[in-house]
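Text of the file run.cif, holding mmCIF, N, CA and C atoms; chains and numbers go by the auth columns:
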```cif
data_entry
loop_
_atom_site.group_PDB
_atom_site.id
_atom_site.type_symbol
_atom_site.label_atom_id
_atom_site.label_comp_id
_atom_site.label_asym_id
_atom_site.label_seq_id
_atom_site.Cartn_x
_atom_site.Cartn_y
_atom_site.Cartn_z
_atom_site.B_iso_or_equiv
_atom_site.auth_seq_id
_atom_site.auth_asym_id
ATOM 1 N N MET A 1 -21.361 2.155 27.953 0.00 271 J
ATOM 2 C CA MET A 1 -20.884 3.442 28.400 0.00 271 J
ATOM 3 C C MET A 1 -19.746 3.943 27.490 0.00 271 J
ATOM 4 N N LEU A 2 -18.891 3.035 27.045 0.00 272 J
ATOM 5 C CA LEU A 2 -17.806 3.438 26.152 0.00 272 J
ATOM 6 C C LEU A 2 -18.317 3.832 24.775 0.00 272 J
ATOM 7 N N THR A 3 -19.419 3.259 24.342 0.00 273 J
ATOM 8 C CA THR A 3 -19.945 3.621 23.030 0.00 273 J
ATOM 9 C C THR A 3 -20.458 5.056 23.019 0.00 273 J
ATOM 10 N N GLU A 4 -21.020 5.528 24.133 0.00 274 J
ATOM 11 C CA GLU A 4 -21.514 6.900 24.192 0.00 274 J
ATOM 12 C C GLU A 4 -20.393 7.913 24.400 0.00 274 J
ATOM 13 N N ALA A 5 -19.375 7.521 25.160 0.00 275 J
ATOM 14 C CA ALA A 5 -18.257 8.437 25.448 0.00 275 J
ATOM 15 C C ALA A 5 -16.944 7.663 25.352 0.00 275 J
ATOM 16 N N PRO A 6 -16.446 7.438 24.136 0.00 276 J
ATOM 17 C CA PRO A 6 -15.239 6.628 23.977 0.00 276 J
ATOM 18 C C PRO A 6 -13.962 7.289 24.496 0.00 276 J
ATOM 19 N N ASP A 7 -14.013 8.572 24.849 0.00 277 J
ATOM 20 C CA ASP A 7 -12.818 9.248 25.342 0.00 277 J
ATOM 21 C C ASP A 7 -12.661 9.150 26.855 0.00 277 J
ATOM 22 N N LEU A 8 -13.574 8.464 27.544 0.00 278 J
ATOM 23 C CA LEU A 8 -13.449 8.289 28.990 0.00 278 J
ATOM 24 C C LEU A 8 -12.237 7.431 29.316 0.00 278 J
ATOM 25 N N GLU A 9 -11.566 7.768 30.396 0.00 279 J
ATOM 26 C CA GLU A 9 -10.418 6.987 30.823 0.00 279 J
ATOM 27 C C GLU A 9 -10.889 5.708 31.517 0.00 279 J
ATOM 28 N N ALA A 10 -10.078 4.671 31.405 0.00 280 J
ATOM 29 C CA ALA A 10 -10.426 3.379 31.993 0.00 280 J
ATOM 30 C C ALA A 10 -10.537 3.475 33.515 0.00 280 J
ATOM 31 N N LYS A 11 -9.700 4.299 34.124 0.00 281 J
ATOM 32 C CA LYS A 11 -9.732 4.430 35.586 0.00 281 J
ATOM 33 C C LYS A 11 -11.052 5.036 36.060 0.00 281 J
ATOM 34 N N VAL A 12 -11.580 5.987 35.320 0.00 282 J
ATOM 35 C CA VAL A 12 -12.866 6.600 35.682 0.00 282 J
ATOM 36 C C VAL A 12 -13.981 5.563 35.569 0.00 282 J
ATOM 37 N N LEU A 13 -13.953 4.775 34.506 0.00 283 J
ATOM 38 C CA LEU A 13 -14.948 3.715 34.353 0.00 283 J
ATOM 39 C C LEU A 13 -14.826 2.675 35.461 0.00 283 J
ATOM 40 N N PHE A 14 -13.599 2.354 35.809 0.00 284 J
ATOM 41 C CA PHE A 14 -13.354 1.380 36.870 0.00 284 J
ATOM 42 C C PHE A 14 -13.910 1.875 38.201 0.00 284 J
ATOM 43 N N GLU A 15 -13.667 3.143 38.519 0.00 285 J
ATOM 44 C CA GLU A 15 -14.199 3.712 39.766 0.00 285 J
ATOM 45 C C GLU A 15 -15.720 3.707 39.765 0.00 285 J
ATOM 46 N N HIS A 16 -16.322 3.955 38.611 0.00 286 J
ATOM 47 C CA HIS A 16 -17.776 3.898 38.502 0.00 286 J
ATOM 48 C C HIS A 16 -18.282 2.478 38.797 0.00 286 J
ATOM 49 N N LEU A 17 -17.603 1.484 38.250 0.00 287 J
ATOM 50 C CA LEU A 17 -17.982 0.097 38.522 0.00 287 J
ATOM 51 C C LEU A 17 -17.792 -0.272 39.985 0.00 287 J
ATOM 52 N N ARG A 18 -16.702 0.201 40.577 0.00 288 J
ATOM 53 C CA ARG A 18 -16.453 -0.087 41.994 0.00 288 J
ATOM 54 C C ARG A 18 -17.514 0.541 42.884 0.00 288 J
ATOM 55 N N ALA A 19 -17.967 1.732 42.518 0.00 289 J
ATOM 56 C CA ALA A 19 -19.010 2.384 43.312 0.00 289 J
ATOM 57 C C ALA A 19 -20.341 1.637 43.171 0.00 289 J
ATOM 58 N N ALA A 20 -20.582 1.082 41.977 0.00 290 J
ATOM 59 C CA ALA A 20 -21.842 0.373 41.743 0.00 290 J
ATOM 60 C C ALA A 20 -21.853 -1.014 42.389 0.00 290 J
ATOM 61 N N ALA A 21 -20.703 -1.691 42.362 0.00 291 J
ATOM 62 C CA ALA A 21 -20.648 -3.054 42.906 0.00 291 J
ATOM 63 C C ALA A 21 -19.304 -3.281 43.597 0.00 291 J
ATOM 64 N N PRO A 22 -19.120 -2.741 44.797 0.00 292 J
ATOM 65 C CA PRO A 22 -17.821 -2.871 45.467 0.00 292 J
ATOM 66 C C PRO A 22 -17.477 -4.316 45.850 0.00 292 J
ATOM 67 N N TRP A 23 -18.459 -5.161 46.036 0.00 293 J
ATOM 68 C CA TRP A 23 -18.203 -6.559 46.383 0.00 293 J
ATOM 69 C C TRP A 23 -17.700 -7.370 45.182 0.00 293 J
ATOM 70 N N ALA A 24 -17.956 -6.916 43.985 0.00 294 J
ATOM 71 C CA ALA A 24 -17.586 -7.673 42.784 0.00 294 J
ATOM 72 C C ALA A 24 -16.301 -7.171 42.136 0.00 294 J
ATOM 73 N N VAL A 25 -15.981 -5.902 42.335 0.00 295 J
ATOM 74 C CA VAL A 25 -14.819 -5.306 41.658 0.00 295 J
ATOM 75 C C VAL A 25 -13.785 -4.925 42.719 0.00 295 J
ATOM 76 N N LYS A 26 -12.618 -5.527 42.617 0.00 296 J
ATOM 77 C CA LYS A 26 -11.537 -5.252 43.566 0.00 296 J
ATOM 78 C C LYS A 26 -10.495 -4.335 42.921 0.00 296 J
ATOM 79 N N GLU A 27 -9.720 -3.672 43.757 0.00 297 J
ATOM 80 C CA GLU A 27 -8.680 -2.759 43.267 0.00 297 J
ATOM 81 C C GLU A 27 -7.645 -3.492 42.425 0.00 297 J
ATOM 82 N N GLN A 28 -7.395 -4.751 42.717 0.00 298 J
ATOM 83 C CA GLN A 28 -6.391 -5.522 41.969 0.00 298 J
ATOM 84 C C GLN A 28 -6.840 -5.836 40.546 0.00 298 J
ATOM 85 N N HIS A 29 -8.086 -5.578 40.210 0.00 299 J
ATOM 86 C CA HIS A 29 -8.600 -5.819 38.857 0.00 299 J
ATOM 87 C C HIS A 29 -8.383 -4.635 37.919 0.00 299 J
ATOM 88 N N LEU A 30 -7.844 -3.540 38.436 0.00 300 J
ATOM 89 C CA LEU A 30 -7.711 -2.314 37.641 0.00 300 J
ATOM 90 C C LEU A 30 -6.883 -2.521 36.377 0.00 300 J
ATOM 91 N N ARG A 31 -5.698 -3.122 36.491 0.00 301 J
ATOM 92 C CA ARG A 31 -4.822 -3.263 35.320 0.00 301 J
ATOM 93 C C ARG A 31 -5.463 -4.143 34.251 0.00 301 J
ATOM 94 N N THR A 32 -6.123 -5.210 34.663 0.00 302 J
ATOM 95 C CA THR A 32 -6.825 -6.069 33.701 0.00 302 J
ATOM 96 C C THR A 32 -7.941 -5.296 33.016 0.00 302 J
ATOM 97 N N PHE A 33 -8.659 -4.501 33.781 0.00 303 J
ATOM 98 C CA PHE A 33 -9.732 -3.691 33.213 0.00 303 J
ATOM 99 C C PHE A 33 -9.174 -2.686 32.199 0.00 303 J
ATOM 100 N N GLN A 34 -8.037 -2.074 32.509 0.00 304 J
ATOM 101 C CA GLN A 34 -7.421 -1.128 31.578 0.00 304 J
ATOM 102 C C GLN A 34 -7.030 -1.818 30.273 0.00 304 J
ATOM 103 N N ARG A 35 -6.505 -3.035 30.370 0.00 305 J
ATOM 104 C CA ARG A 35 -6.155 -3.778 29.154 0.00 305 J
ATOM 105 C C ARG A 35 -7.390 -4.094 28.331 0.00 305 J
ATOM 106 N N ARG A 36 -8.458 -4.480 28.991 0.00 306 J
ATOM 107 C CA ARG A 36 -9.698 -4.807 28.272 0.00 306 J
ATOM 108 C C ARG A 36 -10.293 -3.586 27.594 0.00 306 J
ATOM 109 N N VAL A 37 -10.228 -2.445 28.249 0.00 307 J
ATOM 110 C CA VAL A 37 -10.720 -1.204 27.635 0.00 307 J
ATOM 111 C C VAL A 37 -9.866 -0.850 26.425 0.00 307 J
ATOM 112 N N LYS A 38 -8.561 -1.034 26.538 0.00 308 J
ATOM 113 C CA LYS A 38 -7.670 -0.757 25.410 0.00 308 J
ATOM 114 C C LYS A 38 -8.000 -1.665 24.227 0.00 308 J
ATOM 115 N N LEU A 39 -8.218 -2.941 24.484 0.00 309 J
ATOM 116 C CA LEU A 39 -8.597 -3.864 23.413 0.00 309 J
ATOM 117 C C LEU A 39 -9.933 -3.478 22.798 0.00 309 J
ATOM 118 N N TRP A 40 -10.888 -3.071 23.625 0.00 310 J
ATOM 119 C CA TRP A 40 -12.189 -2.655 23.102 0.00 310 J
ATOM 120 C C TRP A 40 -12.029 -1.463 22.178 0.00 310 J
ATOM 121 N N ARG A 41 -11.197 -0.498 22.601 0.00 311 J
ATOM 122 C CA ARG A 41 -10.994 0.698 21.772 0.00 311 J
ATOM 123 C C ARG A 41 -10.341 0.345 20.441 0.00 311 J
ATOM 124 N N LEU A 42 -9.411 -0.610 20.452 0.00 312 J
ATOM 125 C CA LEU A 42 -8.780 -1.018 19.207 0.00 312 J
ATOM 126 C C LEU A 42 -9.778 -1.676 18.260 0.00 312 J
ATOM 127 N N GLN A 43 -10.694 -2.455 18.800 0.00 313 J
ATOM 128 C CA GLN A 43 -11.657 -3.186 17.982 0.00 313 J
ATOM 129 C C GLN A 43 -12.885 -2.360 17.629 0.00 313 J
ATOM 130 N N ASN A 44 -13.364 -1.518 18.543 0.00 314 J
ATOM 131 C CA ASN A 44 -14.645 -0.834 18.353 0.00 314 J
ATOM 132 C C ASN A 44 -14.572 0.680 18.391 0.00 314 J
ATOM 133 N N GLY A 45 -13.434 1.221 18.718 0.00 315 J
ATOM 134 C CA GLY A 45 -13.306 2.665 18.853 0.00 315 J
ATOM 135 C C GLY A 45 -13.223 3.360 17.511 0.00 315 J
ATOM 136 N N PRO A 46 -12.995 4.660 17.531 0.00 316 J
ATOM 137 C CA PRO A 46 -12.902 5.407 16.267 0.00 316 J
ATOM 138 C C PRO A 46 -11.668 4.989 15.479 0.00 316 J
ATOM 139 N N ASP A 47 -11.759 5.113 14.162 0.00 317 J
ATOM 140 C CA ASP A 47 -10.650 4.756 13.289 0.00 317 J
ATOM 141 C C ASP A 47 -9.517 5.753 13.453 0.00 317 J
ATOM 142 N N LYS A 48 -8.307 5.253 13.309 0.00 318 J
ATOM 143 C CA LYS A 48 -7.141 6.121 13.366 0.00 318 J
ATOM 144 C C LYS A 48 -6.826 6.625 11.969 0.00 318 J
ATOM 145 N N GLU A 49 -6.206 7.794 11.908 0.00 319 J
ATOM 146 C CA GLU A 49 -5.828 8.371 10.627 0.00 319 J
ATOM 147 C C GLU A 49 -4.670 7.571 10.033 0.00 319 J
ATOM 148 N N VAL A 50 -4.779 7.277 8.756 0.00 320 J
ATOM 149 C CA VAL A 50 -3.726 6.538 8.065 0.00 320 J
ATOM 150 C C VAL A 50 -2.699 7.523 7.536 0.00 320 J
ATOM 151 N N PHE A 51 -1.438 7.232 7.747 0.00 321 J
ATOM 152 C CA PHE A 51 -0.364 8.126 7.341 0.00 321 J
ATOM 153 C C PHE A 51 0.673 7.324 6.574 0.00 321 J
ATOM 154 N N PHE A 52 0.979 7.733 5.361 0.00 322 J
ATOM 155 C CA PHE A 52 1.986 7.084 4.542 0.00 322 J
ATOM 156 C C PHE A 52 3.174 8.036 4.391 0.00 322 J
ATOM 157 N N THR A 53 4.332 7.574 4.783 0.00 323 J
ATOM 158 C CA THR A 53 5.518 8.398 4.600 0.00 323 J
ATOM 159 C C THR A 53 5.917 8.370 3.132 0.00 323 J
ATOM 160 N N GLN A 54 6.551 9.427 2.676 0.00 324 J
ATOM 161 C CA GLN A 54 6.958 9.514 1.285 0.00 324 J
ATOM 162 C C GLN A 54 8.474 9.520 1.197 0.00 324 J
ATOM 163 N N ASP A 55 8.981 8.784 0.247 0.00 325 J
ATOM 164 C CA ASP A 55 10.414 8.727 0.017 0.00 325 J
ATOM 165 C C ASP A 55 10.734 9.657 -1.147 0.00 325 J
ATOM 166 N N TRP A 56 11.145 10.888 -0.816 0.00 326 J
ATOM 167 C CA TRP A 56 11.405 11.888 -1.845 0.00 326 J
ATOM 168 C C TRP A 56 12.714 11.645 -2.577 0.00 326 J
ATOM 169 N N SER A 57 13.580 10.788 -2.057 0.00 327 J
ATOM 170 C CA SER A 57 14.856 10.552 -2.733 0.00 327 J
ATOM 171 C C SER A 57 14.632 9.894 -4.094 0.00 327 J
ATOM 172 N N ARG A 58 13.606 9.078 -4.230 0.00 328 J
ATOM 173 C CA ARG A 58 13.312 8.447 -5.514 0.00 328 J
ATOM 174 C C ARG A 58 12.739 9.451 -6.515 0.00 328 J
ATOM 175 N N VAL A 59 12.026 10.449 -6.028 0.00 329 J
ATOM 176 C CA VAL A 59 11.434 11.442 -6.919 0.00 329 J
ATOM 177 C C VAL A 59 12.521 12.286 -7.566 0.00 329 J
ATOM 178 N N TRP A 60 13.534 12.659 -6.807 0.00 330 J
ATOM 179 C CA TRP A 60 14.584 13.518 -7.326 0.00 330 J
ATOM 180 C C TRP A 60 15.568 12.770 -8.228 0.00 330 J
ATOM 181 N N ARG A 61 15.589 11.436 -8.184 0.00 331 J
ATOM 182 C CA ARG A 61 16.493 10.653 -9.018 0.00 331 J
ATOM 183 C C ARG A 61 15.787 10.146 -10.268 0.00 331 J
ATOM 184 N N CYS A 62 15.086 10.976 -10.953 0.00 332 J
ATOM 185 C CA CYS A 62 14.420 10.514 -12.160 0.00 332 J
ATOM 186 C C CYS A 62 14.749 11.449 -13.319 0.00 332 J
ATOM 187 N N ASN A 63 14.679 10.908 -14.509 0.00 333 J
ATOM 188 C CA ASN A 63 14.809 11.748 -15.693 0.00 333 J
ATOM 189 C C ASN A 63 13.437 11.783 -16.362 0.00 333 J
ATOM 190 N N TRP A 64 13.324 12.351 -17.508 0.00 334 J
ATOM 191 C CA TRP A 64 12.009 12.499 -18.125 0.00 334 J
ATOM 192 C C TRP A 64 11.564 11.240 -18.855 0.00 334 J
ATOM 193 N N ILE A 65 12.427 10.252 -18.985 0.00 335 J
ATOM 194 C CA ILE A 65 12.063 9.004 -19.661 0.00 335 J
ATOM 195 C C ILE A 65 11.566 7.973 -18.655 0.00 335 J
ATOM 196 N N GLY A 66 12.238 7.869 -17.551 0.00 336 J
ATOM 197 C CA GLY A 66 11.885 6.901 -16.530 0.00 336 J
ATOM 198 C C GLY A 66 12.811 7.062 -15.329 0.00 336 J
ATOM 199 N N PRO A 67 12.643 6.252 -14.331 0.00 337 J
ATOM 200 C CA PRO A 67 13.500 6.386 -13.155 0.00 337 J
ATOM 201 C C PRO A 67 14.945 6.024 -13.484 0.00 337 J
ATOM 202 N N MET A 68 15.858 6.770 -12.906 0.00 338 J
ATOM 203 C CA MET A 68 17.264 6.495 -13.124 0.00 338 J
ATOM 204 C C MET A 68 17.694 5.376 -12.191 0.00 338 J
ATOM 205 N N PRO A 69 18.679 4.590 -12.569 0.00 339 J
ATOM 206 C CA PRO A 69 19.147 3.541 -11.674 0.00 339 J
ATOM 207 C C PRO A 69 19.795 4.142 -10.434 0.00 339 J
ATOM 208 N N ALA A 70 19.612 3.445 -9.331 0.00 340 J
ATOM 209 C CA ALA A 70 20.192 3.928 -8.078 0.00 340 J
ATOM 210 C C ALA A 70 21.705 3.854 -8.146 0.00 340 J
ATOM 211 N N SER A 71 22.365 4.875 -7.645 0.00 341 J
ATOM 212 C CA SER A 71 23.836 4.883 -7.698 0.00 341 J
ATOM 213 C C SER A 71 24.423 4.577 -6.354 0.00 341 J
#
```
Could you render the structure as structure tokens?
Amino acid sequence: MLTEAPDLEAKVLFEHLRAAAPWAVKEQHLRTFQRRVKLWRLQNGPDKEVFFTQDWSRVWRCNWIGPMPAS
């Protein structure tokens, strides 16, 4: 179910499971289920955008021959 709709919230999935098998899924299992869904998303979900911060202070401290020593 998560592969078809990875944006579903864990609580909605949990309620679906409880409706399907109320004898097997208890309310006290919710937090564990949320952790497992989070782990699944980290391992199998969509990739996150990679972001690299830039240090512009080094760019401005250069001359035309090479980088200037830090002062």
Report task. Have a look at atom N of Asn314 of chain J and atom CA of Leu300 of chain J and let me know their distance in Å, one decimal. Result -> 19.9 Å
Which centre and edge lengths in Å to one decimal define the box along x, y and z that fits every listed atom of segment 301-318 of chain J plus 6 Å per side, as AutoDock Vina command-line options?
```
--center_x -9.7 --center_y 0.3 --center_z 24.2 --size_x 21.8 --size_y 24.7 --size_z 36.5
```
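Going from atom CA of Ala280 of chain J over to atom C of Phe303 of chain J, you cover 6.2 Å.
In this structure, atom CA of Glu319 of chain J sits 27.3 Å away from atom CA of Arg301 of chain J.
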Query - Surrounding residues of His286 of chain J excluding itself and chain neighbours under 5 positions, 12 Å, only C-alpha atoms, as an MDAnalysis selection string - result: chainID J and resid 271 278:281 291:292 295 300
Polymer residues at most 12 Å from Gly315 of chain J, only C-alpha atoms, same-chain spacing of 2 or more positions, as a tab-separated table (two decimals) with N, CA and C atoms, keeping the file's coordinate frame:
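Result saved to selection_7.tsv:
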```
chain	number	residue	atom	x	y	z
J	272	LEU	N	-18.89	3.04	27.04
J	272	LEU	CA	-17.81	3.44	26.15
J	272	LEU	C	-18.32	3.83	24.78
J	273	THR	N	-19.42	3.26	24.34
J	273	THR	CA	-19.94	3.62	23.03
J	273	THR	C	-20.46	5.06	23.02
J	274	GLU	N	-21.02	5.53	24.13
J	274	GLU	CA	-21.51	6.90	24.19
J	274	GLU	C	-20.39	7.91	24.40
J	275	ALA	N	-19.38	7.52	25.16
J	275	ALA	CA	-18.26	8.44	25.45
J	275	ALA	C	-16.94	7.66	25.35
J	276	PRO	N	-16.45	7.44	24.14
J	276	PRO	CA	-15.24	6.63	23.98
J	276	PRO	C	-13.96	7.29	24.50
J	277	ASP	N	-14.01	8.57	24.85
J	277	ASP	CA	-12.82	9.25	25.34
J	277	ASP	C	-12.66	9.15	26.86
J	278	LEU	N	-13.57	8.46	27.54
J	278	LEU	CA	-13.45	8.29	28.99
J	278	LEU	C	-12.24	7.43	29.32
J	307	VAL	N	-10.23	-2.44	28.25
J	307	VAL	CA	-10.72	-1.20	27.64
J	307	VAL	C	-9.87	-0.85	26.42
J	308	LYS	N	-8.56	-1.03	26.54
J	308	LYS	CA	-7.67	-0.76	25.41
J	308	LYS	C	-8.00	-1.66	24.23
J	309	LEU	N	-8.22	-2.94	24.48
J	309	LEU	CA	-8.60	-3.86	23.41
J	309	LEU	C	-9.93	-3.48	22.80
J	310	TRP	N	-10.89	-3.07	23.62
J	310	TRP	CA	-12.19	-2.66	23.10
J	310	TRP	C	-12.03	-1.46	22.18
J	311	ARG	N	-11.20	-0.50	22.60
J	311	ARG	CA	-10.99	0.70	21.77
J	311	ARG	C	-10.34	0.34	20.44
J	312	LEU	N	-9.41	-0.61	20.45
J	312	LEU	CA	-8.78	-1.02	19.21
J	312	LEU	C	-9.78	-1.68	18.26
J	313	GLN	N	-10.69	-2.46	18.80
J	313	GLN	CA	-11.66	-3.19	17.98
J	313	GLN	C	-12.88	-2.36	17.63
J	317	ASP	N	-11.76	5.11	14.16
J	317	ASP	CA	-10.65	4.76	13.29
J	317	ASP	C	-9.52	5.75	13.45
J	318	LYS	N	-8.31	5.25	13.31
J	318	LYS	CA	-7.14	6.12	13.37
J	318	LYS	C	-6.83	6.62	11.97
```
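Comparing J:Val320, J:Asp325, J:Ala289, J:Val282 by their smallest distance to Gln304 of chain J, the closest is J:Val282 (using only C-alpha atoms).
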What would segment 281-291 of chain J look like with all heavy atoms restored, written as a PDB file, in the coordinates of the input?
```pdb
ATOM      1  N   LYS J 281      -9.700   4.299  34.124  1.00  0.00           N
ATOM      2  CA  LYS J 281      -9.732   4.430  35.586  1.00  0.00           C
ATOM      3  C   LYS J 281     -11.052   5.036  36.060  1.00  0.00           C
ATOM      4  O   LYS J 281     -11.602   4.615  37.074  1.00  0.00           O
ATOM      5  CB  LYS J 281      -8.557   5.282  36.058  1.00  0.00           C
ATOM      6  CG  LYS J 281      -8.506   5.439  37.546  1.00  0.00           C
ATOM      7  CD  LYS J 281      -7.138   5.232  38.075  1.00  0.00           C
ATOM      8  CE  LYS J 281      -7.121   5.477  39.551  1.00  0.00           C
ATOM      9  NZ  LYS J 281      -6.649   4.371  40.303  1.00  0.00           N
ATOM     10  N   VAL J 282     -11.580   5.987  35.320  1.00  0.00           N
ATOM     11  CA  VAL J 282     -12.866   6.600  35.682  1.00  0.00           C
ATOM     12  C   VAL J 282     -13.981   5.563  35.569  1.00  0.00           C
ATOM     13  O   VAL J 282     -14.843   5.454  36.458  1.00  0.00           O
ATOM     14  CB  VAL J 282     -13.159   7.816  34.777  1.00  0.00           C
ATOM     15  CG1 VAL J 282     -14.546   8.355  35.015  1.00  0.00           C
ATOM     16  CG2 VAL J 282     -12.116   8.897  34.995  1.00  0.00           C
ATOM     17  N   LEU J 283     -13.953   4.775  34.506  1.00  0.00           N
ATOM     18  CA  LEU J 283     -14.948   3.715  34.353  1.00  0.00           C
ATOM     19  C   LEU J 283     -14.826   2.675  35.461  1.00  0.00           C
ATOM     20  O   LEU J 283     -15.821   2.179  35.980  1.00  0.00           O
ATOM     21  CB  LEU J 283     -14.790   3.038  32.992  1.00  0.00           C
ATOM     22  CG  LEU J 283     -15.110   3.884  31.778  1.00  0.00           C
ATOM     23  CD1 LEU J 283     -14.689   3.162  30.510  1.00  0.00           C
ATOM     24  CD2 LEU J 283     -16.584   4.198  31.739  1.00  0.00           C
ATOM     25  N   PHE J 284     -13.599   2.354  35.809  1.00  0.00           N
ATOM     26  CA  PHE J 284     -13.354   1.380  36.870  1.00  0.00           C
ATOM     27  C   PHE J 284     -13.910   1.875  38.201  1.00  0.00           C
ATOM     28  O   PHE J 284     -14.544   1.122  38.945  1.00  0.00           O
ATOM     29  CB  PHE J 284     -11.853   1.098  36.968  1.00  0.00           C
ATOM     30  CG  PHE J 284     -11.519   0.019  37.944  1.00  0.00           C
ATOM     31  CD1 PHE J 284     -11.690  -1.307  37.600  1.00  0.00           C
ATOM     32  CD2 PHE J 284     -11.012   0.331  39.193  1.00  0.00           C
ATOM     33  CE1 PHE J 284     -11.376  -2.315  38.494  1.00  0.00           C
ATOM     34  CE2 PHE J 284     -10.694  -0.675  40.098  1.00  0.00           C
ATOM     35  CZ  PHE J 284     -10.878  -2.002  39.743  1.00  0.00           C
ATOM     36  N   GLU J 285     -13.667   3.143  38.519  1.00  0.00           N
ATOM     37  CA  GLU J 285     -14.199   3.712  39.766  1.00  0.00           C
ATOM     38  C   GLU J 285     -15.720   3.707  39.765  1.00  0.00           C
ATOM     39  O   GLU J 285     -16.344   3.492  40.801  1.00  0.00           O
ATOM     40  CB  GLU J 285     -13.655   5.127  39.979  1.00  0.00           C
ATOM     41  CG  GLU J 285     -12.166   5.173  40.245  1.00  0.00           C
ATOM     42  CD  GLU J 285     -11.765   4.412  41.499  1.00  0.00           C
ATOM     43  OE1 GLU J 285     -12.548   4.380  42.470  1.00  0.00           O
ATOM     44  OE2 GLU J 285     -10.669   3.826  41.491  1.00  0.00           O
ATOM     45  N   HIS J 286     -16.322   3.955  38.611  1.00  0.00           N
ATOM     46  CA  HIS J 286     -17.776   3.898  38.502  1.00  0.00           C
ATOM     47  C   HIS J 286     -18.282   2.478  38.797  1.00  0.00           C
ATOM     48  O   HIS J 286     -19.262   2.302  39.525  1.00  0.00           O
ATOM     49  CB  HIS J 286     -18.211   4.341  37.108  1.00  0.00           C
ATOM     50  CG  HIS J 286     -19.674   4.215  36.870  1.00  0.00           C
ATOM     51  ND1 HIS J 286     -20.598   5.070  37.453  1.00  0.00           N
ATOM     52  CD2 HIS J 286     -20.390   3.336  36.131  1.00  0.00           C
ATOM     53  CE1 HIS J 286     -21.810   4.712  37.072  1.00  0.00           C
ATOM     54  NE2 HIS J 286     -21.699   3.664  36.272  1.00  0.00           N
ATOM     55  N   LEU J 287     -17.603   1.484  38.250  1.00  0.00           N
ATOM     56  CA  LEU J 287     -17.982   0.097  38.522  1.00  0.00           C
ATOM     57  C   LEU J 287     -17.792  -0.272  39.985  1.00  0.00           C
ATOM     58  O   LEU J 287     -18.612  -0.978  40.572  1.00  0.00           O
ATOM     59  CB  LEU J 287     -17.172  -0.856  37.644  1.00  0.00           C
ATOM     60  CG  LEU J 287     -17.532  -0.900  36.170  1.00  0.00           C
ATOM     61  CD1 LEU J 287     -16.563  -1.805  35.424  1.00  0.00           C
ATOM     62  CD2 LEU J 287     -18.954  -1.383  35.984  1.00  0.00           C
ATOM     63  N   ARG J 288     -16.702   0.201  40.577  1.00  0.00           N
ATOM     64  CA  ARG J 288     -16.453  -0.087  41.994  1.00  0.00           C
ATOM     65  C   ARG J 288     -17.514   0.541  42.884  1.00  0.00           C
ATOM     66  O   ARG J 288     -17.923  -0.047  43.884  1.00  0.00           O
ATOM     67  CB  ARG J 288     -15.085   0.422  42.412  1.00  0.00           C
ATOM     68  CG  ARG J 288     -14.004  -0.538  41.990  1.00  0.00           C
ATOM     69  CD  ARG J 288     -12.728  -0.290  42.693  1.00  0.00           C
ATOM     70  NE  ARG J 288     -12.847  -0.690  44.089  1.00  0.00           N
ATOM     71  CZ  ARG J 288     -11.965  -0.388  45.023  1.00  0.00           C
ATOM     72  NH1 ARG J 288     -10.908   0.308  44.707  1.00  0.00           N
ATOM     73  NH2 ARG J 288     -12.116  -0.780  46.258  1.00  0.00           N
ATOM     74  N   ALA J 289     -17.967   1.732  42.518  1.00  0.00           N
ATOM     75  CA  ALA J 289     -19.010   2.384  43.312  1.00  0.00           C
ATOM     76  C   ALA J 289     -20.341   1.637  43.171  1.00  0.00           C
ATOM     77  O   ALA J 289     -21.111   1.540  44.122  1.00  0.00           O
ATOM     78  CB  ALA J 289     -19.168   3.834  42.873  1.00  0.00           C
ATOM     79  N   ALA J 290     -20.582   1.082  41.977  1.00  0.00           N
ATOM     80  CA  ALA J 290     -21.842   0.373  41.743  1.00  0.00           C
ATOM     81  C   ALA J 290     -21.853  -1.014  42.389  1.00  0.00           C
ATOM     82  O   ALA J 290     -22.886  -1.458  42.879  1.00  0.00           O
ATOM     83  CB  ALA J 290     -22.088   0.250  40.241  1.00  0.00           C
ATOM     84  N   ALA J 291     -20.703  -1.691  42.362  1.00  0.00           N
ATOM     85  CA  ALA J 291     -20.648  -3.054  42.906  1.00  0.00           C
ATOM     86  C   ALA J 291     -19.304  -3.281  43.597  1.00  0.00           C
ATOM     87  O   ALA J 291     -18.439  -3.975  43.068  1.00  0.00           O
ATOM     88  CB  ALA J 291     -20.858  -4.064  41.788  1.00  0.00           C
TER      89      ALA J 291
END
```
